[in-house]
>>> print(open('protein03.cif').read())   # mmCIF, C-alpha atoms and all ligand atoms
data_upload
#
loop_
_atom_site.label_atom_id
_atom_site.label_comp_id
_atom_site.auth_asym_id
_atom_site.auth_seq_id
_atom_site.Cartn_x
_atom_site.Cartn_y
_atom_site.Cartn_z
CA MET A 108 -10.83 1.28 -16.65
CA PHE A 109 -7.47 -0.49 -17.12
CA LYS A 110 -5.07 0.48 -19.88
CA LEU A 111 -2.23 -1.86 -20.87
CA LYS A 112 1.04 0.03 -21.24
CA HIS A 113 4.27 -1.60 -22.33
CA LEU A 114 7.25 -0.52 -20.21
CA LYS A 115 10.39 -2.48 -21.05
CA GLY A 116 11.21 -5.96 -22.38
CA ARG A 117 8.58 -8.33 -21.04
CA THR A 118 7.31 -5.88 -18.40
CA SER A 119 4.03 -3.98 -18.81
CA VAL A 120 1.54 -2.34 -16.50
CA LEU A 121 -2.23 -2.16 -16.47
CA MET A 122 -2.76 1.47 -15.44
CA GLY A 123 -5.91 1.63 -13.30
CA PRO A 124 -7.31 2.62 -9.87
CA THR A 125 -4.39 0.52 -8.57
CA ASN A 126 -1.70 -0.19 -11.17
CA VAL A 127 -1.33 -3.91 -11.86
CA GLY A 128 2.06 -5.21 -13.02
CA VAL A 129 2.23 -7.66 -15.93
CA TYR A 130 5.33 -9.74 -16.74
CA LYS A 131 4.83 -11.80 -19.89
CA ILE A 132 6.35 -15.27 -19.88
CA ASN A 133 5.30 -15.93 -23.48
CA ASP A 134 2.59 -14.69 -25.87
CA TYR A 135 -0.13 -15.90 -23.50
CA ASP A 136 1.10 -16.65 -19.99
CA CYS A 137 2.00 -13.86 -17.58
CA ILE A 138 2.63 -13.06 -13.94
CA LEU A 139 0.64 -10.27 -12.26
CA ILE A 140 1.85 -7.96 -9.53
CA ASP A 141 -1.21 -7.13 -7.36
CA THR A 142 -4.84 -7.38 -8.48
CA CYS A 143 -6.52 -4.07 -7.51
CA HIS A 144 -10.01 -4.03 -5.94
CA PHE A 145 -12.87 -6.56 -5.78
CA ASP A 146 -16.42 -6.11 -7.16
CA LYS A 147 -16.81 -4.03 -10.34
CA ILE A 148 -13.12 -3.06 -10.57
CA GLY A 149 -12.10 -6.72 -10.22
CA ASP A 150 -14.59 -7.65 -12.94
CA SER A 151 -13.08 -4.96 -15.17
CA LEU A 152 -9.56 -6.32 -14.54
CA LEU A 153 -10.72 -9.82 -15.47
CA LYS A 154 -12.32 -8.51 -18.67
CA THR A 155 -9.15 -6.57 -19.58
CA LEU A 156 -6.99 -9.67 -19.07
CA LYS A 157 -9.29 -11.74 -21.28
CA ASN A 158 -9.49 -9.03 -23.97
CA ASN A 159 -5.69 -8.93 -24.09
CA PHE A 160 -5.40 -12.74 -24.15
CA LEU A 161 -3.41 -12.70 -20.91
CA ASN A 162 -3.33 -15.84 -18.78
CA PRO A 163 -1.94 -15.05 -15.31
CA VAL A 164 -0.27 -18.21 -14.01
CA ALA A 165 0.77 -16.40 -10.84
CA ILE A 166 0.06 -13.30 -8.76
CA ILE A 167 2.65 -11.65 -6.53
CA ASN A 168 1.15 -9.34 -3.90
CA THR A 169 3.17 -6.40 -2.59
CA HIS A 170 1.04 -6.08 0.58
CA PHE A 171 -2.34 -6.96 2.02
CA HIS A 172 -4.46 -3.84 1.42
CA GLY A 173 -7.83 -4.41 -0.25
CA ASP A 174 -6.99 -2.32 -3.32
CA HIS A 175 -4.01 -4.62 -4.03
CA ILE A 176 -5.44 -8.08 -3.30
CA GLY A 177 -9.16 -7.51 -3.96
CA ALA A 178 -9.40 -9.53 -7.17
CA ASN A 179 -7.01 -12.33 -6.09
CA LYS A 180 -9.86 -14.79 -5.59
CA LEU A 181 -11.57 -13.91 -8.88
CA ILE A 182 -8.34 -14.20 -10.90
CA LYS A 183 -7.36 -17.45 -9.18
CA LYS A 184 -10.82 -18.91 -9.86
CA ASN A 185 -10.65 -18.01 -13.56
CA PHE A 186 -7.01 -18.85 -14.31
CA ARG A 187 -5.95 -21.14 -11.43
CA SER A 188 -3.16 -18.64 -10.69
CA LYS A 189 -0.77 -19.37 -7.79
CA ILE A 190 -0.56 -16.55 -5.24
CA TYR A 191 2.72 -15.41 -3.67
CA ALA A 192 2.58 -13.01 -0.72
CA PRO A 193 4.97 -11.73 1.96
CA THR A 194 4.59 -13.26 5.41
CA ILE A 195 2.54 -11.18 7.90
CA GLU A 196 0.78 -9.69 4.87
CA ASP A 197 -0.36 -13.21 3.88
CA PHE A 198 -2.31 -13.64 7.14
CA PHE A 199 -4.48 -10.62 6.28
CA ILE A 200 -4.89 -11.73 2.66
CA ASN A 201 -6.21 -15.06 3.90
CA ASN A 202 -8.30 -13.43 6.64
CA VAL A 203 -9.55 -10.34 4.84
CA ASP A 204 -12.16 -9.57 7.49
CA TYR A 205 -9.36 -9.10 10.06
CA TYR A 206 -7.42 -6.45 8.23
CA PRO A 207 -9.66 -3.59 9.38
CA LEU A 208 -8.00 -4.32 12.77
CA PHE A 209 -5.34 -1.90 11.58
CA VAL A 210 -7.84 0.95 11.74
CA PHE A 211 -10.53 -0.36 14.13
CA SER A 212 -9.39 -1.74 17.46
CA ALA A 213 -12.17 -4.35 17.60
CA LYS A 214 -14.39 -6.22 15.18
CA HIS A 215 -15.23 -4.00 12.23
CA PHE A 216 -18.73 -2.65 11.56
CA SER A 217 -21.36 -4.77 9.83
CA PHE A 218 -21.12 -3.09 6.40
CA MET A 219 -17.62 -4.54 6.07
CA ASN A 220 -18.86 -8.14 6.50
CA LYS A 221 -18.64 -8.73 2.76
CA PHE A 222 -14.85 -8.52 2.95
CA LYS A 223 -14.66 -12.15 4.04
CA ASP A 224 -16.15 -13.23 0.70
CA TYR A 225 -12.91 -12.14 -0.98
CA ALA A 226 -10.51 -14.02 1.29
CA VAL A 227 -8.26 -16.54 -0.42
CA SER A 228 -5.18 -18.35 0.85
CA PRO A 229 -1.87 -17.38 -0.72
CA ASP A 230 -0.12 -20.53 -2.00
CA PHE A 231 3.46 -19.51 -1.24
CA PRO A 232 4.74 -17.20 1.51
CA ILE A 233 7.64 -14.83 0.84
CA THR A 234 9.72 -15.10 4.01
CA PRO A 235 11.25 -11.98 5.69
CA ASN A 236 14.85 -12.60 4.56
CA GLN A 237 14.01 -13.95 1.12
CA GLU A 238 15.83 -11.93 -1.55
CA GLU A 239 14.17 -13.35 -4.65
CA ILE A 240 11.40 -15.62 -5.86
CA LYS A 241 11.52 -17.98 -8.79
CA ILE A 242 8.33 -18.59 -10.76
CA GLU A 243 8.41 -20.68 -13.97
CA ASP A 244 12.24 -20.31 -13.94
CA ILE A 245 11.94 -16.51 -13.89
CA VAL A 246 13.67 -14.77 -11.00
CA PHE A 247 12.10 -11.69 -9.42
CA LYS A 248 14.32 -9.84 -6.95
CA LEU A 249 12.57 -8.53 -3.84
CA MET A 250 13.00 -5.21 -2.09
CA ASN A 251 12.16 -4.53 1.55
CA LEU A 252 9.56 -1.73 1.47
CA LYS A 253 8.10 -1.97 4.97
CA GLY A 254 6.57 1.08 6.59
CA HIS A 255 3.28 1.54 4.73
CA THR A 256 2.49 -1.95 6.04
CA PRO A 257 4.58 -4.24 8.28
CA ASN A 258 6.19 -6.30 5.50
CA GLN A 259 5.50 -4.71 2.11
CA LYS A 260 7.80 -5.96 -0.70
CA GLY A 261 8.92 -4.35 -3.94
CA ILE A 262 8.97 -6.70 -6.92
CA VAL A 263 11.82 -6.32 -9.44
CA THR A 264 11.30 -7.91 -12.84
CA PRO A 265 14.22 -9.30 -14.92
CA ASP A 266 13.95 -6.06 -16.98
CA ASN A 267 15.26 -4.08 -13.97
CA VAL A 268 11.82 -2.53 -13.48
CA VAL A 269 10.47 -2.34 -9.91
CA PHE A 270 6.88 -2.30 -8.70
CA ILE A 271 6.99 -0.36 -5.43
CA GLY A 272 3.47 -0.81 -4.03
CA ASP A 273 2.40 2.08 -1.80
CA SER A 274 5.89 2.95 -0.51
CA VAL A 275 5.72 6.10 -2.65
CA VAL A 276 2.68 7.79 -4.19
CA GLY A 277 3.31 8.84 -7.77
CA GLU A 278 2.42 12.02 -9.59
CA PRO A 279 -0.16 13.48 -10.06
CA VAL A 280 -1.88 11.66 -7.15
CA ILE A 281 0.63 12.96 -4.58
CA ASP A 282 -0.33 16.55 -5.46
CA VAL A 283 -3.88 16.05 -4.15
CA MET A 284 -3.30 13.64 -1.24
CA LYS A 285 -3.06 15.21 2.19
CA PHE A 286 -2.31 12.24 4.42
CA ILE A 287 -1.03 8.87 3.19
CA TYR A 288 -1.68 5.86 5.38
CA THR A 289 1.51 4.62 7.03
CA PHE A 290 1.82 1.93 9.70
CA ASN A 291 5.37 2.81 10.83
CA LEU A 292 6.84 6.17 9.78
CA GLN A 293 10.45 5.37 10.75
CA ASP A 294 10.38 2.20 8.61
CA ASP A 295 8.76 4.24 5.84
CA PHE A 296 11.59 6.83 5.93
CA ASP A 297 14.22 4.03 5.83
CA THR A 298 12.42 2.49 2.85
CA LYS A 299 12.40 5.82 0.99
CA GLU A 300 16.18 6.14 1.62
CA ARG A 301 16.75 2.65 0.17
CA LEU A 302 14.69 3.61 -2.89
CA ILE A 303 16.77 6.78 -3.41
CA ASP A 304 19.93 4.64 -3.22
CA SER A 305 18.54 2.05 -5.66
CA ASN A 306 19.22 1.96 -9.36
CA TYR A 307 16.30 0.60 -11.32
CA ASP A 308 15.36 1.69 -14.83
CA LEU A 309 11.70 2.33 -14.02
CA TYR A 310 9.70 2.67 -10.79
CA ILE A 311 5.99 1.88 -10.77
CA PRO A 312 4.01 3.15 -7.79
CA SER A 313 0.62 1.51 -7.32
CA HIS A 314 -1.05 4.90 -7.57
CA GLY A 315 0.17 7.49 -10.06
CA ASN A 316 2.55 7.60 -12.98
CA VAL A 317 5.55 5.45 -13.85
CA THR A 318 8.83 7.32 -13.28
CA LYS A 319 12.56 7.09 -13.95
CA ASP A 320 13.32 9.75 -11.34
CA ILE A 321 12.16 8.27 -8.04
CA THR A 322 14.16 10.81 -5.99
CA ALA A 323 12.05 13.74 -7.21
CA VAL A 324 8.80 11.90 -6.44
CA ILE A 325 10.06 10.85 -2.99
CA GLN A 326 10.92 14.49 -2.26
CA LYS A 327 7.29 15.44 -2.92
CA ASN A 328 6.12 12.59 -0.64
CA MET A 329 8.52 13.72 2.10
CA ASP A 330 7.45 17.39 1.77
CA ASN A 331 3.88 16.22 2.34
CA ILE A 332 4.83 14.16 5.42
CA MET A 333 6.97 16.95 6.94
CA ARG A 334 4.15 19.50 6.45
CA ASN A 335 1.79 17.20 8.33
CA MET A 336 4.38 16.53 11.04
CA ASP A 337 4.87 20.27 11.64
CA PHE A 338 1.12 20.81 11.80
CA ILE A 339 0.72 18.04 14.40
CA ARG A 340 3.59 19.48 16.46
CA GLU A 341 1.99 22.96 16.38
CA SER A 342 -1.41 21.50 17.29
CA LEU A 343 -0.01 19.71 20.33
CA VAL A 344 1.64 22.66 22.04
CA GLU A 345 -1.33 22.27 24.38
CA ALA A 346 -2.29 18.70 25.32
CA LYS A 347 -5.04 17.23 23.15
CA THR A 348 -6.87 13.92 23.22
CA MET A 349 -7.06 12.07 19.91
CA GLU A 350 -10.63 13.24 19.30
CA GLU A 351 -9.65 16.86 20.04
CA LEU A 352 -6.72 16.57 17.65
CA MET A 353 -8.97 15.06 14.97
CA VAL A 354 -11.28 18.12 15.20
CA VAL A 355 -8.29 20.44 14.68
CA VAL A 356 -6.98 18.38 11.77
CA TYR A 357 -10.45 18.16 10.18
CA ASN A 358 -10.88 21.92 10.48
CA ARG A 359 -7.65 22.41 8.57
CA TYR A 360 -8.02 19.71 5.93
CA GLY A 361 -11.81 19.85 5.57
CA TYR A 362 -12.65 16.15 5.48
CA THR A 363 -16.25 15.06 4.97
CA GLN A 364 -18.38 12.92 7.26
CA GLU A 365 -17.47 9.42 6.10
CA LEU A 366 -16.88 6.54 8.44
CA VAL A 367 -14.05 4.52 6.88
CA PRO A 368 -11.92 7.53 5.83
CA TYR A 369 -12.31 8.86 9.39
CA TYR A 370 -10.85 5.70 10.95
CA VAL A 371 -8.10 5.40 8.34
CA PHE A 372 -7.23 9.06 8.88
CA LYS A 373 -7.17 8.59 12.66
CA SER A 374 -4.72 5.68 12.23
CA CYS A 375 -2.49 7.92 10.05
CA ILE A 376 -2.44 10.55 12.80
CA MET A 377 -1.62 7.90 15.40
CA ALA A 378 1.40 6.83 13.29
CA TYR A 379 2.70 10.43 13.47
CA ILE A 380 2.11 10.60 17.24
CA SER A 381 3.82 7.23 17.75
CA TYR A 382 6.80 8.38 15.65
CA LEU A 383 7.13 11.64 17.63
CA GLU A 384 6.78 9.75 20.94
CA HIS A 385 9.59 7.36 19.96
CA LYS A 386 11.73 10.41 19.08
CA GLY A 387 11.09 11.81 22.57
CA GLU A 388 9.26 14.87 21.23
CA ILE A 389 5.82 14.07 22.66
CA GLU A 390 4.65 13.11 26.12
CA ILE A 391 1.44 11.37 27.01
CA VAL A 392 -0.61 12.96 29.76
CA PHE A 393 -4.19 12.42 30.97
CA LYS A 394 -7.03 14.91 30.56
CA ASN A 395 -10.15 13.95 32.51
CA HIS A 396 -8.90 10.35 32.57
CA ILE A 397 -8.40 10.28 28.76
CA PRO A 398 -4.87 10.00 27.25
CA ALA A 399 -3.75 13.24 25.63
CA TYR A 400 -0.60 14.12 23.65
CA LYS A 401 1.59 17.15 24.17
CA VAL A 402 4.84 18.43 22.67
CA LYS A 403 7.58 18.44 25.37
ZN ZN B 501 -1.62 0.10 0.67
#
>>> encode(input="protein03.cif", output="structure tokens")
Amino acid sequence: MFKLKHLKGRTSVLMGPTNVGVYKINDYDCILIDTCHFDKIGDSLLKTLKNNFLNPVAIINTHFHGDHIGANKLIKKNFRSKIYAPTIEDFFINNVDYYPLFVFSAKHFSFMNKFKDYAVSPDFPITPNQEEIKIEDIVFKLMNLKGHTPNQKGIVTPDNVVFIGDSVVGEPVIDVMKFIYTFNLQDDFDTKERLIDSNYDLYIPSHGNVTKDITAVIQKNMDNIMRNMDFIRESLVEAKTMEELMVVVYNRYGYTQELVPYYVFKSCIMAYISYLEHKGEIEIVFKNHIPAYKVK
């Protein structure tokens, strides 16, 4: 499931469902960037680390999503790894059963109860203005990548290679994704601009291929976002409640009847509406006592 690929100097990546960064300190010890999912995928990551004689002394998390922190507890239990995580994100890593709050507006449904079994406290917070972290005398520069989540960080290894979390979706994944979850679209756009202005040798998105040319990949991501934005604008020429808008969007994109994707998708749409409202393009009206959204 995971394939170890050497990138540059001491930096490698375990290509998998979520790419896991590996920075080797010596022949045995290493530092991981993110840990992918829990359950079977986490078990597979653990097996891959052992098969490659890798001993993670630390984990740096880019953000709190379950496919990035899922195996934190398992890895920490097996290797006594120290966990570093950005503030705000660290609360949800420690309180995994609260993070569905971002898509549900109340306690999550019962089938998500098992999330709490994977909660583990990060050992060291990465504070908002912190520009680097030092682990075992190795300095990793940090990049502000907020937008996808409130305080996502990019992790730059001493080889000038940056792990960019979910700030950009790599190829070929971007070609099949219709909507990408974003908490704050304006922050996400600012982050993408900073990435275009940056000058790293290699960029590793958490999903998709490693690239030298981040600008081309960002252009594909932005084309996707702008297509969605135009569709939402067109759909809201007449006022629609969120549920009415979801029906229109589902008719176009053909999503299946699945509970979690529905709520995640709805949160994505709300991020677009919030962005357009802040820009003054959308007004909120009431239809039969229910809030509805309409292009001005
Ligand atoms: Zn994410």
>>> closest_residue(input="protein03.cif", among="A:Asn201, A:Lys214, A:Phe171, A:Ile166", to="A:Lys189", atoms="all atoms listed in the file")
A:Ile166
>>> closest_residue(input="protein03.cif", among="A:Lys241, A:Lys401, A:His255, A:Lys115", to="A:Met349", atoms="all atoms listed in the file")
A:Lys401
>>> residues_near_point(input="protein03.cif", point="(-3.5, 18.7, 27.0)", cutoff="12 Å", atoms="only C-alpha atoms", output="compact mmCIF listing (two decimals) with C-alpha atoms, in the frame of the given file")
# COMPACT_ATOMS: atom_id res chain seq x y z
CA SER A 342 -1.41 21.50 17.29
CA LEU A 343 -0.01 19.71 20.33
CA VAL A 344 1.64 22.66 22.04
CA GLU A 345 -1.33 22.27 24.38
CA ALA A 346 -2.29 18.70 25.32
CA LYS A 347 -5.04 17.23 23.15
CA THR A 348 -6.87 13.92 23.22
CA MET A 349 -7.06 12.07 19.91
CA GLU A 350 -10.63 13.24 19.30
CA GLU A 351 -9.65 16.86 20.04
CA LEU A 352 -6.72 16.57 17.65
CA ILE A 389 5.82 14.07 22.66
CA GLU A 390 4.65 13.11 26.12
CA ILE A 391 1.44 11.37 27.01
CA VAL A 392 -0.61 12.96 29.76
CA PHE A 393 -4.19 12.42 30.97
CA LYS A 394 -7.03 14.91 30.56
CA ASN A 395 -10.15 13.95 32.51
CA HIS A 396 -8.90 10.35 32.57
CA ILE A 397 -8.40 10.28 28.76
CA PRO A 398 -4.87 10.00 27.25
CA ALA A 399 -3.75 13.24 25.63
CA TYR A 400 -0.60 14.12 23.65
CA LYS A 401 1.59 17.15 24.17
CA VAL A 402 4.84 18.43 22.67
CA LYS A 403 7.58 18.44 25.37
>>> residues_near_ligand(input="protein03.cif", ligand="ligand ZN 501 (chain B)", cutoff="8 Å", atoms="only C-alpha atoms and all ligand atoms", output="number ranges by chain")
A: 170-175, 255-256, 272-273, 288
>>> write_last_selection(input="protein03.cif", atoms="C-alpha atoms", output="tab-separated table (two decimals), in the coordinates of the input")
chain	number	residue	atom	x	y	z
A	170	HIS	CA	1.04	-6.08	0.58
A	171	PHE	CA	-2.34	-6.96	2.02
A	172	HIS	CA	-4.46	-3.84	1.42
A	173	GLY	CA	-7.83	-4.41	-0.25
A	174	ASP	CA	-6.99	-2.32	-3.32
A	175	HIS	CA	-4.01	-4.62	-4.03
A	255	HIS	CA	3.28	1.54	4.73
A	256	THR	CA	2.49	-1.95	6.04
A	272	GLY	CA	3.47	-0.81	-4.03
A	273	ASP	CA	2.40	2.08	-1.80
A	288	TYR	CA	-1.68	5.86	5.38
>>> closest_residue(input="protein03.cif", among="A:Lys260, A:Lys327, A:Arg301, A:His385", to="A:Gly277", atoms="only C-alpha atoms")
A:Lys327
>>> closest_residue(input="protein03.cif", among="A:Ser274, A:Ser374, A:Thr169, A:Thr155", to="A:Pro207", atoms="all atoms listed in the file")
A:Ser374
>>> closest_residue(input="protein03.cif", among="A:Tyr369, A:Phe290, A:Phe145, A:Phe160", to="A:Lys223", atoms="only C-alpha atoms")
A:Phe145
>>> residues_around(input="protein03.cif", residues="A:Glu238", least_positions_apart="5", cutoff="10 Å", atoms="all atoms listed in the file", output="list in words")
Ile233, Phe247, Lys248, Leu249, Met250 and Asn251 of chain A
